[in-house]
Each structure stands twice: as structure tokens, then as C-alpha cells.
file my_file-v8.csv (CSV, C-alpha atoms and all ligand atoms)
chain,number,residue,atom,x,y,z
A,13,MET,CA,0.0,0.0,0.0
A,14,ASP,CA,1.5,3.4,-0.9
A,15,ALA,CA,1.3,6.5,1.3
A,16,MET,CA,-1.8,8.0,-0.4
A,17,ASP,CA,-3.7,4.8,-0.2
A,18,ALA,CA,-2.8,4.4,3.5
A,19,ILE,CA,-4.0,8.0,4.2
A,20,LEU,CA,-7.2,7.9,2.1
A,21,THR,CA,-8.5,4.5,3.2
A,22,ARG,CA,-7.9,4.9,6.9
A,23,ARG,CA,-11.2,4.6,8.8
A,24,SER,CA,-11.9,4.2,12.6
A,25,THR,CA,-12.3,0.6,13.8
A,26,ARG,CA,-14.4,0.1,16.9
A,27,ASN,CA,-14.6,-3.7,17.1
A,28,TYR,CA,-11.5,-5.8,17.7
A,29,ARG,CA,-10.2,-9.4,18.0
A,30,GLN,CA,-8.4,-10.1,21.2
A,31,ASP,CA,-5.2,-11.3,19.4
A,32,PRO,CA,-2.2,-9.3,20.5
A,33,VAL,CA,-0.4,-7.1,18.1
A,34,GLU,CA,3.0,-8.4,17.1
A,35,LYS,CA,5.8,-6.5,18.7
A,36,ALA,CA,7.5,-5.7,15.4
A,37,LYS,CA,4.3,-4.1,14.0
A,38,LEU,CA,3.8,-2.2,17.3
A,39,GLN,CA,7.4,-0.9,17.0
A,40,GLN,CA,6.8,0.3,13.5
A,41,ILE,CA,3.6,2.1,14.6
A,42,LEU,CA,5.4,3.8,17.5
A,43,GLU,CA,8.2,4.8,15.2
A,44,ALA,CA,5.7,6.5,12.9
A,45,GLY,CA,4.4,8.4,16.0
A,46,ARG,CA,7.8,9.3,17.2
A,47,GLN,CA,8.8,10.6,13.7
A,48,ALA,CA,5.8,13.0,13.5
A,49,PRO,CA,6.5,16.7,13.3
A,50,SER,CA,6.5,18.7,16.6
A,51,GLY,CA,6.5,22.4,17.3
A,52,GLY,CA,10.1,23.6,17.4
A,53,ASN,CA,11.2,20.0,17.0
A,54,SER,CA,10.5,19.7,20.7
A,55,GLN,CA,9.7,16.0,20.7
A,56,LYS,CA,7.8,16.2,24.0
A,57,ASN,CA,5.3,13.4,23.3
A,58,HIS,CA,5.4,10.5,25.8
A,59,PHE,CA,3.8,7.3,24.5
A,60,LEU,CA,2.5,4.9,27.2
A,61,VAL,CA,1.9,1.7,25.4
A,62,ILE,CA,-0.7,-0.3,27.4
A,63,GLU,CA,-1.1,-4.0,26.5
A,64,ASN,CA,-1.6,-5.3,30.1
A,65,ARG,CA,-5.3,-6.4,30.4
A,66,GLU,CA,-5.4,-5.6,34.2
A,67,VAL,CA,-4.2,-2.1,33.5
A,68,LEU,CA,-6.7,-1.7,30.7
A,69,ARG,CA,-9.5,-3.0,32.9
A,70,LYS,CA,-8.5,-0.6,35.7
A,71,LEU,CA,-8.5,2.4,33.3
A,72,ILE,CA,-12.0,1.3,32.0
A,73,THR,CA,-13.3,1.2,35.6
A,74,MET,CA,-11.7,4.5,36.6
A,75,THR,CA,-13.0,6.4,33.5
A,76,GLU,CA,-16.5,5.0,34.0
A,77,ALA,CA,-16.5,6.1,37.6
A,78,ALA,CA,-15.2,9.6,36.7
A,79,PHE,CA,-17.8,10.1,34.0
A,80,ALA,CA,-20.6,8.8,36.2
A,81,ARG,CA,-19.8,11.6,38.7
A,82,MET,CA,-20.2,14.3,35.9
A,83,GLU,CA,-23.4,15.9,34.7
A,84,ALA,CA,-24.4,16.5,31.0
A,85,ASP,CA,-27.0,18.7,29.5
A,86,ALA,CA,-28.1,19.8,26.0
A,87,ASP,CA,-25.0,22.0,25.7
A,88,THR,CA,-22.5,19.3,26.5
A,89,TYR,CA,-20.3,18.1,23.5
A,90,PRO,CA,-22.3,15.1,22.2
A,91,SER,CA,-19.5,12.5,22.5
A,92,LEU,CA,-18.8,13.7,26.1
A,93,ARG,CA,-22.5,13.5,26.9
A,94,HIS,CA,-22.6,10.0,25.5
A,95,SER,CA,-19.7,9.0,27.8
A,96,ILE,CA,-21.3,10.5,30.8
A,97,GLU,CA,-24.8,9.0,30.1
A,98,ALA,CA,-23.3,5.5,29.2
A,99,SER,CA,-21.2,5.6,32.4
A,100,LYS,CA,-24.2,6.4,34.6
A,101,ARG,CA,-26.0,3.4,33.0
A,102,GLY,CA,-23.0,1.2,33.7
A,103,GLY,CA,-20.8,-1.1,31.6
A,104,TYR,CA,-19.1,1.7,29.6
A,105,VAL,CA,-15.9,0.7,27.8
A,106,PHE,CA,-14.2,3.8,26.4
A,107,CYS,CA,-11.6,1.8,24.4
A,108,TYR,CA,-13.8,-0.8,22.8
A,109,ASN,CA,-11.7,-3.7,24.4
A,110,ALA,CA,-8.9,-3.3,21.9
A,111,PRO,CA,-5.8,-5.2,22.8
A,112,VAL,CA,-3.5,-2.1,22.7
A,113,LEU,CA,-4.1,1.5,24.0
A,114,ILE,CA,-1.4,4.0,23.3
A,115,VAL,CA,-1.8,7.0,25.6
A,116,VAL,CA,0.0,10.1,24.4
A,117,ALA,CA,1.0,12.5,27.2
A,118,ASN,CA,2.8,15.8,26.7
A,119,CYS,CA,3.9,18.7,28.9
A,120,ARG,CA,1.0,20.5,30.4
A,121,GLU,CA,2.7,23.9,30.1
A,122,TYR,CA,3.8,23.5,26.4
A,123,GLY,CA,1.5,25.4,24.0
A,124,ASN,CA,1.7,22.8,21.2
A,125,ASN,CA,0.9,19.8,23.4
A,126,MET,CA,-2.3,18.8,21.7
A,127,ALA,CA,-1.1,19.7,18.2
A,128,ASP,CA,2.0,17.5,18.6
A,129,CYS,CA,0.0,14.7,20.0
A,130,ALA,CA,-2.5,14.9,17.1
A,131,CYS,CA,0.4,14.7,14.5
A,132,ALA,CA,1.7,11.6,16.3
A,133,ILE,CA,-1.6,9.9,16.6
A,134,GLU,CA,-2.5,10.5,12.9
A,135,ASN,CA,0.9,9.1,11.8
A,136,MET,CA,0.2,6.0,14.0
A,137,MET,CA,-3.3,5.4,12.6
A,138,ILE,CA,-2.0,5.6,9.0
A,139,ALA,CA,0.9,3.3,9.8
A,140,ALA,CA,-1.6,0.8,11.4
A,141,ASN,CA,-3.8,0.9,8.3
A,142,ALA,CA,-0.7,0.2,6.1
A,143,LEU,CA,0.0,-2.9,8.4
A,144,ASP,CA,-3.6,-4.2,8.1
A,145,LEU,CA,-4.4,-3.2,11.7
A,146,GLY,CA,-7.4,-1.2,12.8
A,147,SER,CA,-7.2,2.0,15.0
A,148,CYS,CA,-9.3,4.7,16.5
A,149,TRP,CA,-8.6,8.0,18.3
A,150,ILE,CA,-9.8,7.7,21.9
A,151,ASN,CA,-10.4,11.0,23.6
A,152,GLN,CA,-11.8,10.1,27.0
A,153,LEU,CA,-8.5,10.3,28.9
A,154,ARG,CA,-7.9,13.7,27.4
A,155,TRP,CA,-11.3,14.9,28.7
A,156,LEU,CA,-10.4,13.5,32.1
A,157,ASN,CA,-6.8,14.7,32.1
A,158,GLU,CA,-7.0,16.6,35.3
A,159,GLU,CA,-9.0,13.9,37.2
A,160,PRO,CA,-6.8,13.4,40.3
A,161,ALA,CA,-7.3,9.7,40.6
A,162,LEU,CA,-6.5,9.1,36.9
A,163,VAL,CA,-3.5,11.4,36.9
A,164,GLN,CA,-2.2,9.6,40.0
A,165,TYR,CA,-2.8,6.2,38.4
A,166,LEU,CA,-1.1,7.2,35.1
A,167,GLN,CA,1.8,8.4,37.1
A,168,THR,CA,2.3,5.0,38.5
A,169,LEU,CA,2.5,3.8,34.9
A,170,GLY,CA,5.2,6.2,34.0
A,171,MET,CA,3.5,9.6,33.2
A,172,LYS,CA,5.7,12.4,34.6
A,173,GLU,CA,4.4,15.0,37.0
A,174,GLU,CA,4.6,17.8,34.5
A,175,GLU,CA,2.7,15.7,31.8
A,176,ARG,CA,-1.0,15.3,31.1
A,177,VAL,CA,-2.8,13.2,28.5
A,178,TYR,CA,-3.7,15.0,25.2
A,179,GLY,CA,-5.0,12.0,23.2
A,180,ALA,CA,-4.9,8.2,22.9
A,181,VAL,CA,-5.2,5.6,20.1
A,182,ILE,CA,-6.3,2.0,20.1
A,183,ILE,CA,-4.7,-0.5,17.8
A,184,GLY,CA,-5.6,-4.1,17.0
A,185,TYR,CA,-6.9,-6.6,14.5
A,186,PRO,CA,-10.4,-5.7,13.4
A,187,ALA,CA,-13.1,-8.3,14.3
A,188,GLU,CA,-14.1,-8.3,10.6
A,189,GLY,CA,-10.6,-9.3,9.4
A,190,LEU,CA,-9.1,-6.5,7.4
A,191,PRO,CA,-9.8,-2.9,8.4
A,192,ASN,CA,-12.9,-1.2,6.9
A,193,ARG,CA,-11.3,0.9,4.2
A,194,GLY,CA,-14.4,2.5,2.7
A,195,ARG,CA,-14.2,6.1,1.5
A,196,MET,CA,-16.0,8.6,3.7
A,197,ALA,CA,-18.6,11.0,2.3
A,198,GLN,CA,-17.3,14.5,2.8
A,199,LYS,CA,-19.8,16.9,4.5
A,200,GLY,CA,-17.3,19.6,5.5
A,201,ASN,CA,-13.6,20.2,5.2
A,202,GLU,CA,-14.1,23.1,2.7
A,203,VAL,CA,-11.3,24.0,0.3
A,204,THR,CA,-10.8,27.5,-1.1
A,205,PHE,CA,-8.2,28.0,-3.8
A,206,ILE,CA,-6.7,31.4,-4.1
A,207,SER,CA,-4.9,31.1,-7.4
B,301,LIG,C1,-9.8,14.6,18.2
B,301,LIG,C2,-10.5,13.4,17.9
B,301,LIG,C3,-11.2,12.7,18.9
B,301,LIG,C4,-11.9,11.5,18.7
B,301,LIG,N1,-12.4,10.9,19.8
B,301,LIG,C5,-13.0,9.7,19.6
B,301,LIG,C6,-13.5,8.9,20.7
B,301,LIG,O1,-13.2,9.2,21.8
B,301,LIG,N2,-14.1,7.7,20.4
B,301,LIG,C7,-14.3,7.3,19.1
B,301,LIG,O2,-14.9,6.2,19.0
B,301,LIG,N3,-13.8,8.0,18.1
B,301,LIG,C8,-13.2,9.2,18.3
B,301,LIG,N4,-12.7,9.8,17.2
B,301,LIG,C9,-12.9,9.3,15.8
B,301,LIG,C10,-13.9,10.1,15.0
B,301,LIG,O3,-15.2,9.8,15.5
B,301,LIG,C11,-13.7,9.7,13.5
B,301,LIG,O4,-12.4,10.0,13.1
B,301,LIG,C12,-14.7,10.4,12.6
B,301,LIG,O5,-16.0,10.0,12.9
B,301,LIG,C13,-14.4,10.1,11.1
B,301,LIG,O6,-14.5,8.7,10.9
B,301,LIG,P1,-13.2,7.9,10.3
B,301,LIG,O7,-12.1,8.0,11.3
B,301,LIG,O8,-13.7,6.5,10.1
B,301,LIG,O9,-12.8,8.5,9.0
B,301,LIG,C14,-12.0,11.0,17.4
B,301,LIG,C15,-11.3,11.7,16.3
B,301,LIG,C16,-10.6,12.8,16.6
B,301,LIG,C17,-9.8,13.4,15.5

call {"tool": "encode", "arguments": {"input": "my_file-v8.csv", "output": "C-alpha cells", "more": "lines below"}}
Ligand SMILES: Cc1cc2nc3c(=O)[nH]c(=O)nc-3n(C[C@H](O)[C@H](O)[C@H](O)COP(=O)(O)O)c2cc1C
result
Amino acid sequence: MDAMDAILTRRSTRNYRQDPVEKAKLQQILEAGRQAPSGGNSQKNHFLVIENREVLRKLITMTEAAFARMEADADTYPSLRHSIEASKRGGYVFCYNAPVLIVVANCREYGNNMADCACAIENMMIAANALDLGSCWINQLRWLNEEPALVQYLQTLGMKEEERVYGAVIIGYPAEGLPNRGRMAQKGNEVTFIS
């Protein structure tokens, strides 16, 4: 698959097989993330690669508990409202039980933290597609990135005191086999040429 195909056919996958991702493929995906551009070449992204099922389970429990304590109304961002409402009902799994969750942390005081994180995550999702793996951006840990219990737990996993989460991505083999590579209908993303 060439670069344009990998970019144009990448779609989010939300249903995974439990098979682990081979270390060699995971390393390639991480290298794609680490080679992403960063403001001032600061290279401040910190990739926490979580494959441990107990740790994933603990994060699922903690995010559900945190969302269940929050309130949503008509003005709440729809995806956040969904997380809150689903958590209050119980059984909410923010990462679709994918076998790998890569949490991207960055320095809290650095102005390009989310931009640098986004570049890395997009690179990793494109690399995953090129390797026949599914992926999806996962934003719940970003929304909860000042939640004391989660900050503390992520610090036990290696996140530094000055860091916070600015995004995450799940990786794994799609339940359907190959990733869904359909083209997406464009409803926005306007282009204006000034020739
Ligand atoms: C900043 C950002 C946050 C997102 N957060 C989530 C999320 O938390 N959960 C999820 O299932 N998808 C999430 N997505 C995926 C989008 O829903 C998805 O990219 C969009 O619907 C377009 O579909 P496609 O990725 O298949 O092209 C996120 C995407 C971005 C760029």
C-alpha cells in the first residue's frame, strides 16, 4: 500500500479481535508516531503503550467512575455527553476492548501539546492501516486529564508529574478481518483556492 492509499483508506475501527499485536508491528507504529513533526522539534510526546489487560481494565473502571460523577446537559459536547450517560447506566468501555491502547501524554505547560499529540496519533493510525491493523482515536483520557485519581494512576504507569494526556489511540486486528477501508462521504472540510 502506498502512502496516499494508507491515508485515504484509513477509517476508525471500533470492534476488535483479542489477538495481541505483534511487537515488530507495534514498534513500526510507534516509530511512525515518534517521527511525527513537533513544534520547534521539541519531541515532547510521551507514549504509554498499554497491553496489560489488568491495567486496561483498571482504566476502564476509573474512566467510567469519573464520567458517572459528571453531569451532562443539552449544551454538552455530544461525544462527552454519550460517555457520561453511558457511564451512569454502567458497563461503559471507552476503548472498545482493543488489545493495545497508546496514551499520548505531553507537557502541560507546552503550548503545542495537543497539536504535537495529534500529529503523532495520525501518523500511528496511518501506519496501522498500512499494516492491516485497525485503529481509532480515543479522547476520554484527554477529557479527564485533570482527574486526580486518573492522573495519579497514570503516574504509577510512568507519566511524569509535568505531563498530562492529550490523546490516545487504540490498535488491534479488526473483528471483521481487514480494516474497513471505505471512503468517507465529505460533509465539511471546505477547500478554497486562491490562485
Ligand atoms: C480529536 C478526535 C477525537 C476523537 N475521539 C473519539 C473517541 O473518543 N471515540 C471514538 O470512537 N472515536 C473518536 N474519534 C474518531 C472520529 O469519530 C472519527 O475519526 C470520525 O467519525 C471520522 O471517521 P473515520 O475515522 O472512520 O474517518 C476522534 C477523532 C478525533 C480526530

call {"tool": "atom_distance", "arguments": {"input": "my_file-v8.csv", "atom1": "atom CA of A:Thr73", "atom2": "atom CA of A:Gly102"}}
result
9.9 Å

call {"tool": "closest_residue", "arguments": {"input": "my_file-v8.csv", "among": "A:Leu42, A:Val33, A:Ile19, A:Met74", "to": "ligand LIG 301 (chain B)", "atoms": "only C-alpha atoms and all ligand atoms"}}
result
A:Ile19

call {"tool": "residues_near_ligand", "arguments": {"input": "my_file-v8.csv", "ligand": "ligand LIG 301 (chain B)", "cutoff": "10 Å", "atoms": "only C-alpha atoms and all ligand atoms", "output": "PyMOL selection string"}}
result
chain A and resi 20-26+91-92+95+106-108+126+129-130+133-134+137+147-155+178-182+192-198

call {"tool": "closest_residue", "arguments": {"input": "my_file-v8.csv", "among": "A:Ile41, A:Cys131, A:Ala142, A:Ala117", "to": "A:Asp14", "atoms": "only C-alpha atoms"}}
result
A:Ala142

call {"tool": "residues_around", "arguments": {"input": "my_file-v8.csv", "residues": "A:Arg120", "least_positions_apart": "4", "cutoff": "12 Å", "atoms": "all atoms listed in the file", "output": "ChimeraX atom specification"}}
result
/A:56-58,124-126,129,154,157-158,171-178

call {"tool": "write_last_selection", "arguments": {"input": "my_file-v8.csv", "atoms": "C-alpha atoms", "output": "JSON list (two decimals), in the frame of the given file"}}
result
[["chain", "number", "residue", "atom", "x", "y", "z"],
["A", 56, "LYS", "CA", 7.80, 16.20, 24.00],
["A", 57, "ASN", "CA", 5.30, 13.40, 23.30],
["A", 58, "HIS", "CA", 5.40, 10.50, 25.80],
["A", 124, "ASN", "CA", 1.70, 22.80, 21.20],
["A", 125, "ASN", "CA", 0.90, 19.80, 23.40],
["A", 126, "MET", "CA", -2.30, 18.80, 21.70],
["A", 129, "CYS", "CA", 0.00, 14.70, 20.00],
["A", 154, "ARG", "CA", -7.90, 13.70, 27.40],
["A", 157, "ASN", "CA", -6.80, 14.70, 32.10],
["A", 158, "GLU", "CA", -7.00, 16.60, 35.30],
["A", 171, "MET", "CA", 3.50, 9.60, 33.20],
["A", 172, "LYS", "CA", 5.70, 12.40, 34.60],
["A", 173, "GLU", "CA", 4.40, 15.00, 37.00],
["A", 174, "GLU", "CA", 4.60, 17.80, 34.50],
["A", 175, "GLU", "CA", 2.70, 15.70, 31.80],
["A", 176, "ARG", "CA", -1.00, 15.30, 31.10],
["A", 177, "VAL", "CA", -2.80, 13.20, 28.50],
["A", 178, "TYR", "CA", -3.70, 15.00, 25.20]]

call {"tool": "decode", "arguments": {"input": "my_file-v8.csv", "residues": "stretch 102-158 of chain A", "atoms": "C-alpha atoms", "output": "mmCIF file, in the first residue's frame"}}
result
data_model
loop_
_atom_site.group_PDB
_atom_site.id
_atom_site.type_symbol
_atom_site.label_atom_id
_atom_site.label_comp_id
_atom_site.auth_asym_id
_atom_site.auth_seq_id
_atom_site.Cartn_x
_atom_site.Cartn_y
_atom_site.Cartn_z
ATOM 1 C CA GLY A 102 -22.955 1.186 33.701
ATOM 2 C CA GLY A 103 -20.790 -1.081 31.558
ATOM 3 C CA TYR A 104 -19.125 1.736 29.593
ATOM 4 C CA VAL A 105 -15.903 0.680 27.843
ATOM 5 C CA PHE A 106 -14.200 3.763 26.379
ATOM 6 C CA CYS A 107 -11.558 1.805 24.444
ATOM 7 C CA TYR A 108 -13.754 -0.839 22.773
ATOM 8 C CA ASN A 109 -11.737 -3.670 24.399
ATOM 9 C CA ALA A 110 -8.920 -3.251 21.870
ATOM 10 C CA PRO A 111 -5.751 -5.152 22.816
ATOM 11 C CA VAL A 112 -3.496 -2.064 22.731
ATOM 12 C CA LEU A 113 -4.103 1.461 23.999
ATOM 13 C CA ILE A 114 -1.396 4.027 23.312
ATOM 14 C CA VAL A 115 -1.849 7.017 25.590
ATOM 15 C CA VAL A 116 -0.041 10.142 24.392
ATOM 16 C CA ALA A 117 0.998 12.490 27.164
ATOM 17 C CA ASN A 118 2.799 15.785 26.738
ATOM 18 C CA CYS A 119 3.924 18.695 28.898
ATOM 19 C CA ARG A 120 1.019 20.536 30.449
ATOM 20 C CA GLU A 121 2.697 23.928 30.095
ATOM 21 C CA TYR A 122 3.771 23.469 26.445
ATOM 22 C CA GLY A 123 1.537 25.361 24.001
ATOM 23 C CA ASN A 124 1.682 22.810 21.181
ATOM 24 C CA ASN A 125 0.929 19.796 23.372
ATOM 25 C CA MET A 126 -2.292 18.781 21.666
ATOM 26 C CA ALA A 127 -1.063 19.656 18.155
ATOM 27 C CA ASP A 128 2.042 17.507 18.576
ATOM 28 C CA CYS A 129 -0.038 14.695 20.040
ATOM 29 C CA ALA A 130 -2.458 14.882 17.078
ATOM 30 C CA CYS A 131 0.377 14.665 14.524
ATOM 31 C CA ALA A 132 1.735 11.571 16.262
ATOM 32 C CA ILE A 133 -1.648 9.873 16.553
ATOM 33 C CA GLU A 134 -2.497 10.457 12.896
ATOM 34 C CA ASN A 135 0.884 9.052 11.839
ATOM 35 C CA MET A 136 0.244 5.974 14.004
ATOM 36 C CA MET A 137 -3.261 5.432 12.611
ATOM 37 C CA ILE A 138 -1.993 5.638 9.028
ATOM 38 C CA ALA A 139 0.856 3.253 9.826
ATOM 39 C CA ALA A 140 -1.622 0.844 11.440
ATOM 40 C CA ASN A 141 -3.762 0.867 8.293
ATOM 41 C CA ALA A 142 -0.711 0.164 6.135
ATOM 42 C CA LEU A 143 -0.004 -2.861 8.383
ATOM 43 C CA ASP A 144 -3.611 -4.193 8.091
ATOM 44 C CA LEU A 145 -4.396 -3.151 11.660
ATOM 45 C CA GLY A 146 -7.401 -1.163 12.819
ATOM 46 C CA SER A 147 -7.177 1.964 14.960
ATOM 47 C CA CYS A 148 -9.307 4.701 16.470
ATOM 48 C CA TRP A 149 -8.574 7.953 18.294
ATOM 49 C CA ILE A 150 -9.761 7.719 21.888
ATOM 50 C CA ASN A 151 -10.388 11.032 23.639
ATOM 51 C CA GLN A 152 -11.803 10.116 27.043
ATOM 52 C CA LEU A 153 -8.498 10.269 28.906
ATOM 53 C CA ARG A 154 -7.941 13.726 27.432
ATOM 54 C CA TRP A 155 -11.297 14.932 28.739
ATOM 55 C CA LEU A 156 -10.385 13.522 32.142
ATOM 56 C CA ASN A 157 -6.784 14.675 32.051
ATOM 57 C CA GLU A 158 -7.040 16.632 35.313
#
